[in-house]
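Peer 1: For reference, the file start-v3.csv (CSV, C-alpha atoms and all ligand atoms) is included below:
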chain,number,residue,atom,x,y,z
K,161,MET,CA,114.2,125.1,64.3
K,162,LYS,CA,110.8,123.9,65.4
K,163,VAL,CA,110.0,123.7,69.1
K,164,LEU,CA,106.8,121.9,69.9
K,165,ILE,CA,105.4,122.5,73.4
K,166,ILE,CA,102.5,120.4,74.8
K,167,LEU,CA,100.8,121.9,77.9
K,168,TYR,CA,97.4,121.9,79.5
K,169,SER,CA,95.1,124.7,78.7
K,170,GLY,CA,94.5,127.0,81.7
K,171,GLY,CA,91.5,128.9,80.3
K,172,GLN,CA,90.3,131.7,82.5
K,173,ALA,CA,92.5,130.6,85.5
K,174,ALA,CA,95.6,131.1,83.3
K,175,GLN,CA,94.5,134.6,82.2
K,176,GLU,CA,93.8,135.6,85.8
K,177,GLN,CA,96.9,134.0,87.3
K,178,PRO,CA,100.0,134.6,85.2
K,179,LYS,CA,102.0,132.4,87.6
K,180,LEU,CA,100.2,129.4,85.9
K,181,LEU,CA,103.3,129.1,83.7
K,182,GLY,CA,102.7,125.5,82.7
K,183,THR,CA,99.6,126.3,80.5
K,184,THR,CA,99.1,127.0,76.8
K,185,GLU,CA,98.3,130.6,77.7
K,186,ASN,CA,101.5,131.4,79.6
K,187,LYS,CA,103.7,129.0,77.7
K,188,LEU,CA,106.2,128.3,80.4
K,189,GLY,CA,107.4,131.9,80.0
K,190,ILE,CA,109.7,130.8,77.2
K,191,TYR,CA,107.6,131.6,74.0
K,192,ASP,CA,108.8,135.2,73.5
K,193,TRP,CA,112.4,134.2,74.2
K,194,LEU,CA,112.4,131.3,71.6
K,195,LYS,CA,110.5,133.4,69.1
K,196,GLY,CA,113.0,136.2,69.6
K,197,LEU,CA,115.8,133.8,68.7
K,198,GLY,CA,113.9,133.1,65.4
K,199,HIS,CA,112.6,129.7,66.2
K,200,ASP,CA,109.2,128.3,65.0
K,201,VAL,CA,107.4,127.7,68.3
K,202,VAL,CA,104.1,125.7,68.4
K,203,VAL,CA,102.2,125.6,71.8
K,204,THR,CA,99.2,123.3,72.0
K,205,ASP,CA,97.1,121.2,74.3
K,206,ASP,CA,95.8,119.1,71.4
K,207,LYS,CA,97.7,115.8,71.9
K,208,GLU,CA,95.4,112.8,71.1
K,209,GLY,CA,95.0,111.0,67.8
K,210,PRO,CA,96.6,111.1,64.4
K,211,ASN,CA,95.1,114.5,63.5
K,212,SER,CA,96.2,116.2,66.7
K,213,ASP,CA,98.6,119.2,66.7
K,214,PHE,CA,101.0,116.9,68.5
K,215,GLN,CA,101.2,114.3,65.7
K,216,LYS,CA,101.1,117.0,63.0
K,217,HIS,CA,104.0,119.0,64.3
K,218,ILE,CA,106.2,116.2,65.8
K,219,VAL,CA,107.2,115.2,62.3
K,220,ASP,CA,109.6,118.2,61.9
K,221,ALA,CA,110.1,119.4,65.5
K,222,GLU,CA,113.7,119.3,66.8
K,223,ILE,CA,112.7,120.0,70.4
K,224,LEU,CA,109.6,118.6,72.2
K,225,VAL,CA,108.6,120.0,75.5
K,226,THR,CA,105.9,118.0,77.4
K,227,THR,CA,104.6,117.9,80.9
K,228,PRO,CA,103.5,114.9,83.0
K,229,PHE,CA,100.3,116.8,83.9
K,230,HIS,CA,99.0,116.7,80.4
K,231,PRO,CA,101.3,114.2,78.7
K,232,GLY,CA,101.9,114.0,75.0
K,233,TYR,CA,102.5,110.2,74.8
K,234,LEU,CA,105.5,109.9,72.5
K,235,THR,CA,105.3,106.3,71.4
K,236,ALA,CA,107.9,104.4,69.4
K,237,GLU,CA,105.5,104.6,66.4
K,238,ILE,CA,105.2,108.4,66.6
K,239,MET,CA,109.0,108.7,67.2
K,240,ASP,CA,109.6,106.9,64.0
K,241,LYS,CA,107.9,109.8,62.2
K,242,ALA,CA,109.8,112.4,64.1
K,243,LYS,CA,112.8,112.6,61.8
K,244,ASN,CA,114.2,115.9,63.3
K,245,LEU,CA,113.6,115.2,66.9
K,246,LYS,CA,116.8,115.6,69.1
K,247,LEU,CA,115.6,116.7,72.5
K,248,CYS,CA,112.6,115.9,74.6
K,249,VAL,CA,112.3,118.1,77.7
K,250,THR,CA,109.9,117.1,80.5
K,251,ALA,CA,108.7,120.3,82.2
K,252,GLY,CA,108.5,118.6,85.6
K,253,VAL,CA,109.7,115.2,86.8
K,254,GLY,CA,108.8,111.8,85.3
K,255,SER,CA,109.4,111.0,81.7
K,256,ASP,CA,107.5,107.7,81.3
K,257,HIS,CA,105.1,109.3,78.8
K,258,ILE,CA,108.1,109.0,76.4
K,259,ASP,CA,109.1,105.5,75.1
K,260,LEU,CA,112.6,105.8,76.6
K,261,ASN,CA,113.9,102.6,74.9
K,262,ALA,CA,112.7,104.0,71.5
K,263,ALA,CA,114.4,107.3,72.4
K,264,ASN,CA,117.6,105.4,72.9
K,265,LYS,CA,117.2,103.7,69.5
K,266,HIS,CA,116.8,107.1,67.8
K,267,LYS,CA,119.6,108.7,70.0
K,268,ILE,CA,117.1,111.3,71.3
K,269,THR,CA,118.0,113.0,74.5
K,270,VAL,CA,115.3,113.0,77.2
K,271,ALA,CA,115.8,115.5,80.1
K,272,GLU,CA,113.6,116.5,82.9
K,273,VAL,CA,113.9,119.2,85.6
K,274,SER,CA,115.0,116.9,88.4
K,275,GLY,CA,114.1,118.0,91.8
K,276,SER,CA,111.8,120.8,90.6
K,277,ASN,CA,108.6,119.6,92.3
K,278,VAL,CA,109.8,117.0,94.8
K,279,VAL,CA,108.9,119.0,97.9
K,280,SER,CA,105.5,119.8,96.3
K,281,VAL,CA,104.8,116.1,95.9
K,282,ALA,CA,106.2,115.0,99.3
K,283,GLU,CA,103.9,117.5,101.0
K,284,GLN,CA,100.9,116.1,98.9
K,285,VAL,CA,101.8,112.6,100.0
K,286,ILE,CA,101.7,113.6,103.7
K,287,MET,CA,98.5,115.4,103.2
K,288,THR,CA,96.9,112.5,101.3
K,289,MET,CA,98.0,110.1,104.0
K,290,LEU,CA,96.4,112.2,106.7
K,291,VAL,CA,93.2,112.7,104.6
K,292,LEU,CA,92.9,108.9,104.3
K,293,VAL,CA,94.0,107.7,107.7
K,294,ARG,CA,91.8,110.4,109.4
K,295,ASN,CA,88.8,109.7,107.1
K,296,PHE,CA,88.7,113.4,106.1
K,297,VAL,CA,86.9,113.3,102.7
K,298,PRO,CA,83.5,111.9,103.9
K,299,ALA,CA,83.8,114.1,107.0
K,300,HIS,CA,83.9,117.2,104.7
K,301,GLU,CA,81.3,115.8,102.3
K,302,GLN,CA,78.9,115.4,105.2
K,303,ILE,CA,79.2,119.0,106.2
K,304,VAL,CA,78.6,120.3,102.7
K,305,ALA,CA,75.5,118.0,102.6
K,306,HIS,CA,74.2,119.8,105.7
K,307,LYS,CA,74.6,116.6,107.8
K,308,TRP,CA,76.2,115.9,111.2
K,309,ASN,CA,77.1,112.3,112.2
K,310,VAL,CA,80.3,112.0,114.1
K,311,ALA,CA,80.1,108.2,114.6
K,312,GLN,CA,79.7,107.6,110.9
K,313,ILE,CA,83.1,109.3,110.3
K,314,ALA,CA,84.9,108.2,113.5
K,315,ARG,CA,84.2,104.5,112.8
K,316,ASP,CA,87.0,104.7,110.2
K,317,ALA,CA,89.2,107.5,111.6
K,318,TYR,CA,92.7,106.7,113.0
K,319,ASP,CA,95.9,108.6,114.0
K,320,LEU,CA,99.0,108.3,111.9
K,321,GLU,CA,101.0,108.0,115.2
K,322,GLY,CA,101.8,104.4,115.9
K,323,LYS,CA,101.4,103.2,112.3
K,324,VAL,CA,104.0,101.5,110.2
K,325,VAL,CA,104.6,103.6,107.0
K,326,GLY,CA,106.7,102.5,104.1
K,327,THR,CA,107.7,104.0,100.7
K,328,ILE,CA,108.4,102.1,97.5
K,329,GLY,CA,111.2,104.1,96.1
K,330,CYS,CA,113.4,106.3,98.3
K,331,GLY,CA,114.7,108.8,95.8
K,332,ARG,CA,114.2,112.6,96.0
K,333,ILE,CA,110.5,112.3,96.9
K,334,GLY,CA,110.4,109.1,98.9
K,335,TYR,CA,113.3,110.4,101.1
K,336,ARG,CA,111.5,113.7,101.7
K,337,VAL,CA,108.3,111.9,102.6
K,338,LEU,CA,110.2,109.9,105.3
K,339,GLN,CA,111.9,113.1,106.5
K,340,ARG,CA,108.5,114.8,106.9
K,341,LEU,CA,107.0,111.8,108.7
K,342,GLU,CA,109.5,111.8,111.5
K,343,PRO,CA,107.6,114.1,113.9
K,344,PHE,CA,104.4,112.0,113.6
K,345,ASN,CA,105.9,109.3,115.9
K,346,CYS,CA,105.0,106.5,113.6
K,347,LYS,CA,105.8,103.0,114.9
K,348,GLU,CA,108.3,102.4,112.1
K,349,LEU,CA,109.3,104.0,108.9
K,350,LEU,CA,110.4,101.6,106.1
K,351,TRP,CA,111.7,102.0,102.6
K,352,PHE,CA,112.3,99.7,99.7
K,353,ASP,CA,114.6,100.6,96.8
K,354,TYR,CA,117.2,98.8,94.8
K,355,THR,CA,119.3,102.0,95.0
K,356,ASP,CA,121.0,102.6,98.4
K,357,LEU,CA,121.0,106.0,100.1
K,358,PRO,CA,124.3,107.8,100.7
K,359,ALA,CA,125.4,106.8,104.2
K,360,ASP,CA,124.9,110.3,105.7
K,361,ALA,CA,121.4,110.5,104.2
K,362,ALA,CA,120.5,107.1,105.5
K,363,LYS,CA,121.8,108.1,109.0
K,364,ALA,CA,119.8,111.3,109.0
K,365,ILE,CA,116.4,109.7,108.9
K,366,ASN,CA,115.0,107.3,111.4
K,367,ALA,CA,113.9,104.7,108.8
K,368,THR,CA,114.8,101.1,108.0
K,369,ARG,CA,115.5,99.7,104.6
K,370,VAL,CA,113.7,96.4,103.9
K,371,ALA,CA,115.3,93.8,101.6
K,372,THR,CA,112.2,92.9,99.6
K,373,LEU,CA,108.9,94.5,98.5
K,374,ASP,CA,107.0,91.5,100.1
K,375,GLU,CA,108.4,92.5,103.5
K,376,LEU,CA,107.3,96.1,103.0
K,377,PHE,CA,103.8,94.8,101.9
K,378,ALA,CA,103.5,92.6,105.0
K,379,ARG,CA,104.6,95.1,107.6
K,380,CYS,CA,103.0,98.4,106.5
K,381,ASP,CA,99.8,100.0,107.6
K,382,VAL,CA,100.4,102.8,105.1
K,383,ILE,CA,102.2,102.4,101.7
K,384,THR,CA,103.3,105.3,99.6
K,385,VAL,CA,104.5,104.8,96.0
K,386,ASN,CA,107.4,107.0,95.0
K,387,CYS,CA,109.2,105.3,92.1
K,388,PRO,CA,109.1,106.1,88.4
K,389,LEU,CA,107.0,104.1,86.0
K,390,HIS,CA,109.1,101.8,83.9
K,391,GLU,CA,108.9,98.2,82.6
K,392,SER,CA,109.3,96.6,86.0
K,393,THR,CA,107.0,99.0,87.9
K,394,ARG,CA,104.0,98.9,85.5
K,395,GLY,CA,101.2,97.0,87.3
K,396,LEU,CA,103.5,96.4,90.3
K,397,ILE,CA,100.6,96.9,92.6
K,398,ASN,CA,98.3,94.2,91.3
K,399,ALA,CA,95.9,91.7,92.9
K,400,ASP,CA,98.7,89.4,94.0
K,401,ALA,CA,100.7,92.3,95.6
K,402,ILE,CA,97.6,93.6,97.4
K,403,LYS,CA,96.9,90.1,98.8
K,404,LYS,CA,100.3,90.4,100.5
K,405,MET,CA,99.4,93.6,102.2
K,406,LYS,CA,97.6,93.9,105.6
K,407,LYS,CA,93.9,94.1,105.5
K,408,GLY,CA,93.0,97.8,106.0
K,409,VAL,CA,96.2,99.2,104.4
K,410,TRP,CA,96.1,102.7,103.1
K,411,LEU,CA,97.7,103.2,99.8
K,412,ILE,CA,99.0,106.5,98.4
K,413,ASN,CA,100.2,106.8,94.8
K,414,THR,CA,101.4,110.2,93.6
K,415,ALA,CA,104.0,108.5,91.3
K,416,ARG,CA,102.2,107.2,88.3
K,417,GLY,CA,98.8,105.7,87.9
K,418,ALA,CA,99.9,102.7,85.8
K,419,ILE,CA,102.1,101.4,88.7
K,420,CYS,CA,98.8,100.3,90.2
K,421,ASP,CA,96.5,97.9,88.3
K,422,ARG,CA,93.2,99.8,87.7
K,423,MET,CA,90.7,97.1,88.6
K,424,ALA,CA,92.8,95.4,91.3
K,425,ILE,CA,92.6,98.7,93.2
K,426,VAL,CA,88.8,99.1,92.7
K,427,ASP,CA,88.2,95.5,93.8
K,428,ALA,CA,90.4,95.8,96.9
K,429,LEU,CA,88.9,99.1,98.0
K,430,GLU,CA,85.3,97.8,97.5
K,431,SER,CA,86.0,94.6,99.4
K,432,GLY,CA,87.7,96.5,102.2
K,433,HIS,CA,91.1,94.9,101.9
K,434,ILE,CA,92.4,98.4,101.1
K,435,ALA,CA,91.0,100.9,103.6
K,436,GLY,CA,91.8,103.8,101.3
K,437,TYR,CA,93.5,104.8,98.0
K,438,GLY,CA,94.6,108.3,97.3
K,439,GLY,CA,96.7,110.2,94.8
K,440,ASP,CA,96.7,112.4,91.8
K,441,VAL,CA,98.0,110.2,89.0
K,442,TRP,CA,96.0,108.1,86.6
K,443,ASP,CA,96.8,105.4,84.1
K,444,VAL,CA,95.7,107.8,81.3
K,445,GLN,CA,95.5,111.6,81.6
K,446,PRO,CA,93.2,113.4,81.5
K,447,ALA,CA,91.2,110.6,83.2
K,448,PRO,CA,88.1,109.7,81.2
K,449,ALA,CA,84.8,110.7,82.9
K,450,ASP,CA,83.9,107.1,83.6
K,451,HIS,CA,87.3,106.1,85.1
K,452,PRO,CA,86.4,103.8,88.0
K,453,TRP,CA,88.9,105.5,90.3
K,454,ARG,CA,86.7,108.6,90.3
K,455,ASN,CA,83.8,107.0,92.2
K,456,MET,CA,85.2,103.9,93.8
K,457,ARG,CA,84.4,103.6,97.5
K,458,GLY,CA,85.0,101.3,100.4
K,459,PRO,CA,82.2,99.3,102.1
K,460,ASN,CA,81.3,102.4,104.3
K,461,GLY,CA,81.3,104.7,101.3
K,462,ASN,CA,84.7,106.2,102.0
K,463,GLY,CA,88.4,105.6,101.2
K,464,ASN,CA,88.7,107.6,98.0
K,465,ALA,CA,91.2,110.5,98.0
K,466,MET,CA,91.8,111.0,94.3
K,467,THR,CA,92.4,114.3,92.6
K,468,ALA,CA,93.5,115.5,89.2
K,469,HIS,CA,97.2,115.4,88.7
K,470,TYR,CA,98.3,118.6,90.4
K,471,SER,CA,100.7,117.8,93.3
K,472,GLY,CA,103.8,118.7,91.3
K,473,THR,CA,102.3,121.7,89.6
K,474,THR,CA,101.8,124.1,92.5
K,475,LEU,CA,102.7,127.7,91.5
K,476,ASP,CA,106.0,127.3,93.4
K,477,ALA,CA,106.8,124.2,91.4
K,478,GLN,CA,105.8,125.8,88.1
K,479,ALA,CA,108.3,128.6,88.6
K,480,ARG,CA,111.0,126.0,89.1
K,481,TYR,CA,110.2,123.7,86.3
K,482,ALA,CA,109.6,126.6,83.8
K,483,LYS,CA,113.1,128.0,84.7
K,484,GLY,CA,114.6,124.5,84.4
K,485,THR,CA,113.0,123.9,81.0
K,486,GLU,CA,114.5,127.2,79.8
K,487,GLU,CA,118.0,126.2,81.1
K,488,ILE,CA,117.8,122.8,79.4
K,489,ILE,CA,116.8,124.3,76.1
K,490,ASP,CA,119.4,127.1,76.4
K,491,ASN,CA,122.1,124.5,77.0
K,492,TYR,CA,121.0,122.6,73.9
K,493,LEU,CA,120.9,125.7,71.7
K,494,ASN,CA,124.3,126.8,72.8
K,495,GLY,CA,126.0,123.4,72.9
K,496,LYS,CA,126.6,123.5,76.6
K,497,PRO,CA,126.5,120.3,78.7
K,498,GLN,CA,123.3,119.4,80.5
K,499,ASN,CA,123.3,119.1,84.3
K,500,PRO,CA,123.8,115.3,84.6
K,501,ALA,CA,121.0,115.1,87.3
K,502,ASN,CA,118.5,116.2,84.6
K,503,VAL,CA,119.4,113.6,81.9
K,504,ILE,CA,117.3,110.5,81.7
K,505,VAL,CA,118.5,109.1,78.4
K,506,ALA,CA,121.2,110.3,76.0
K,507,ASP,CA,123.5,109.0,73.4
K,508,GLY,CA,121.5,105.8,73.1
K,509,LYS,CA,121.6,104.8,76.8
K,510,TYR,CA,120.0,105.4,80.2
K,511,ALA,CA,121.9,108.1,82.1
K,512,THR,CA,119.9,107.5,85.3
K,513,HIS,CA,119.5,104.4,87.6
K,514,ALA,CA,116.0,105.4,88.5
K,515,TYR,CA,114.2,103.8,85.5
K,516,GLY,CA,114.9,100.2,86.3
K,517,GLN,CA,117.9,98.0,87.0
K,518,ARG,CA,119.9,97.6,83.8
K,519,LYS,CA,123.3,96.1,83.0
K,601,LIG,P1,114.1,109.9,91.8
K,601,LIG,O1,114.8,109.5,90.5
K,601,LIG,O2,114.8,110.9,92.7
K,601,LIG,O3,113.8,108.6,92.7
K,601,LIG,C1,113.2,107.5,92.2
K,601,LIG,C2,113.6,106.3,93.0
K,601,LIG,O4,112.8,105.2,92.7
K,601,LIG,C3,115.1,105.9,92.8
K,601,LIG,O5,115.8,105.8,94.0
K,601,LIG,C4,114.9,104.5,92.1
K,601,LIG,O6,116.0,103.6,92.4
K,601,LIG,C5,113.6,104.0,92.7
K,601,LIG,N1,113.0,102.9,92.0
K,601,LIG,C6,112.9,102.7,90.7
K,601,LIG,N2,112.3,101.5,90.5
K,601,LIG,C7,112.0,101.0,91.7
K,601,LIG,C8,111.4,99.8,92.1
K,601,LIG,N3,111.0,98.9,91.2
K,601,LIG,N4,111.3,99.5,93.4
K,601,LIG,C9,111.8,100.4,94.3
K,601,LIG,N5,112.4,101.6,94.0
K,601,LIG,C10,112.5,101.8,92.7
K,601,LIG,O7,112.7,110.4,91.4
K,601,LIG,P2,111.7,111.4,92.3
K,601,LIG,O8,112.1,112.8,92.0
K,601,LIG,O9,111.7,110.9,93.7
K,601,LIG,O10,110.3,111.1,91.5
K,601,LIG,C11,109.8,109.8,91.5
K,601,LIG,C12,108.6,109.7,90.6
K,601,LIG,O11,107.5,110.5,91.2
K,601,LIG,C13,108.8,110.3,89.2
K,601,LIG,O12,109.5,109.5,88.4
K,601,LIG,C14,107.4,110.6,88.8
K,601,LIG,O13,106.8,109.5,88.2
K,601,LIG,C15,106.7,110.9,90.1
K,601,LIG,N6,106.3,112.3,90.3
K,601,LIG,C16,105.0,112.7,90.4
K,601,LIG,C17,104.7,114.0,90.4
K,601,LIG,C18,103.2,114.5,90.6
K,601,LIG,O14,102.9,115.6,90.4
K,601,LIG,N7,102.4,113.6,91.0
K,601,LIG,C19,105.7,115.1,90.3
K,601,LIG,C20,107.0,114.6,90.4
K,601,LIG,C21,107.3,113.3,90.3
Do you think you could lay out the structure here as structure tokens?
Peer 2:
Amino acid sequence: MKVLIILYSGGQAAQEQPKLLGTTENKLGIYDWLKGLGHDVVVTDDKEGPNSDFQKHIVDAEILVTTPFHPGYLTAEIMDKAKNLKLCVTAGVGSDHIDLNAANKHKITVAEVSGSNVVSVAEQVIMTMLVLVRNFVPAHEQIVAHKWNVAQIARDAYDLEGKVVGTIGCGRIGYRVLQRLEPFNCKELLWFDYTDLPADAAKAINATRVATLDELFARCDVITVNCPLHESTRGLINADAIKKMKKGVWLINTARGAICDRMAIVDALESGHIAGYGGDVWDVQPAPADHPWRNMRGPNGNGNAMTAHYSGTTLDAQARYAKGTEEIIDNYLNGKPQNPANVIVADGKYATHAYGQRK
């Protein structure tokens, strides 16, 4: 059986740090195990274009392992050529790089390691929120540039205390963000999701569910995006949506880049309607060198807190999603049932409610 594994290349860092499991060098720690079982295992970071390793080996692979950090985009067209493909495993959380409707058509199972990096992301959301609201990035850049101008930083620096903060999506990550916000004494914590929380979970956080996204837009000083990318969230944060937000809103997106419209974000930041935009996810990854989110800035030269996609790939998270990937493959190889929480699509249908409301 052929197992195709697409990971990012870790170079020297991966040689020096064996805990960087999600790299082509350290192979999620599963290469020797799979080879020992007699499987043909291909590990590569070469994923773009018709001559890539990805497209060459997908034609006869039975299992594809990909990671959201360096996504092998499995389109319907590529899937048509993947005649043996039965199982796609996302080493991490978020399987939007796979055309899930096409996977259903081909009866391919898509599974991810649910929960493996949700704390890692929730922590990053809180950090990014503070970095933006407190205007940290230019404050640090100033120091590195041998300057000292307190007023220039303080003119756009606020406290998180007393602000209205809301999450779009209140699943594993959104909920953990709200939990972590409690001690900051925000004015209000809001959430919007079409899925309700279990009663005890709702009671355990001091947050209010809003009925519509427009209400969340209108009330929040800070908005954090924590829903998956699917048909109805692609481009959800566009120019129209931004118009409904308060002037000076801070926007944090660690979910998926394509949930936000690329140029609408740039325009709103440059005009000052958005005071800051931060996150680690891009509408194409790796982000091209000229992607406008790299250098966009607000009127005072600040408001950009973008990084490469790494919030869910801390070393702690890598240990968890590497182990989870092994378990999913082991279940498959031995005909054992998958943990239902990990299954996104199977047997031609969605197994989760998280990727859009469907009949
Ligand atoms: P989850 O499945 O536990 O929760 C997602 C929630 O979003 C669900 O409650 C669902 O009902 C809700 N939702 C879906 N569409 C919505 C919409 N249109 N409006 C409002 N709510 C909507 O997923 P989890 O673990 O919280 O992860 C969420 C997403 O975060 C992932 O799908 C992934 O895209 C992203 N992520 C990013 C990482 C990173 O490293 N930056 C790492 C892990 C996840």
Peer 1: Quick one: everything within 9 Å of Lys406 of chain K, counting all atoms listed in the file, minus sequence neighbours fewer than 6 positions away in the same chain. Send it as a list in words.
Peer 2: Phe377, Ala378, Arg379, Cys380, Asp381, His433 and Ile434 of chain K
Peer 1: Taking all atoms listed in the file into account, which residues are within 7 Å of ligand LIG 601 (chain K), as a PyMOL selection string?
Peer 2: chain K and resi 252-255+274-275+277-278+281+328-334+352-355+386-389+392-393+414-416+440-441+469-473+513-516
Peer 1: Using only C-alpha atoms for the distances, tell me which of K:Gln445, K:Asn398, K:Gln498, K:Gln175 is nearest to Asp427 of chain K.
Peer 2: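 Closest to Asp427 of chain K, using only C-alpha atoms: K:Asn398.
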Peer 1: Please indicate the distance in Å from atom CA of Met423 of chain K to atom CA of Trp453 of chain K, rounded to one decimal place.
Peer 2: 8.8 Å
Peer 1: List as a list of chain:residue names the protein and nucleic acid residues near Val270 of chain K, meaning an atom at most 8 Å away when all atoms listed in the file are counted, but skip any in the same chain fewer than 4 places from it.
Peer 2: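 With the cut-off at 8 Å, the set is K:Leu247, K:Cys248, K:Val249, K:Thr250, K:Ser255, K:Leu260, K:Ala263, K:Val503, K:Ile504, K:Val505, K:Ala506.
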Peer 1: Could you check how far atom CA of Trp351 of chain K sits from atom CA of Thr327 of chain K, in Å to one decimal?
Peer 2: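 Computing it gives 4.9 Å between the two atoms.
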Peer 1: Would you mind listing what lies within 10 Å of Ile258 of chain K as an MDAnalysis selection string, with only C-alpha atoms counted and same-chain residues fewer than 6 positions away left out?
Peer 2: chainID K and resid 226 228 231:236 239 248 250 270
Peer 1: Identify, on the basis of all atoms listed in the file, every residue whose closest approach to Ile166 of chain K does not exceed 10 Å; exclude the query and any residue fewer than 6 positions from it along the same chain; express the result as a ChimeraX atom specification.
Peer 2: /K:182-184,187,202-207,213-214,224-228,230-232,250-251
Peer 1: Hey, what's within 10 Å of Leu181 of chain K if we count all atoms listed in the file and toss same-chain stuff fewer than 3 positions away? As a count of residues only, please?
Peer 2: 21
Peer 1: In Å, rounded to a single decimal, give me how far atom CA of Val310 of chain K is from atom CA of Tyr437 of chain K.
Peer 2: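 Atom CA of Tyr437 of chain K sits 22.0 Å away from atom CA of Val310 of chain K.
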Peer 1: Pick from K:Val382, K:Val291, K:Leu376, K:Ala367: nearest to Lys323 of chain K, with only C-alpha atoms counted?
Peer 2: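 Of K:Val382, K:Val291, K:Leu376, K:Ala367, the one nearest Lys323 of chain K, counting only C-alpha atoms, is K:Val382.
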Peer 1: Which residue out of K:Ala511, K:Val409, K:Ile397, K:Val297 has the minimum interatomic distance to Val325 of chain K when all atoms listed in the file are used?
Peer 2: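 Counting all atoms listed in the file, the residue closest to Val325 of chain K is K:Val409.
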Peer 1: Which residue is closest to Gln302 of chain K? Choose from K:Pro446, K:Glu237, K:Lys509, K:Asn462 and count all atoms listed in the file.
Peer 2: K:Asn462
Peer 1: Restricting the calculation to only C-alpha atoms, which member of K:Ala465, K:Leu245, K:Leu350, K:Ala314 is positioned closest to Met161 of chain K?
Peer 2: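 Of the candidates, the smallest distance to Met161 of chain K is held by K:Leu245.
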Peer 1: Give the answer as one residue: which of K:Lys179, K:Ala361, K:Ile383, K:Asn460 has the shortest atom-to-atom distance to Leu349 of chain K, using all atoms listed in the file?
Peer 2: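 Of the candidates, the smallest distance to Leu349 of chain K is held by K:Ile383.
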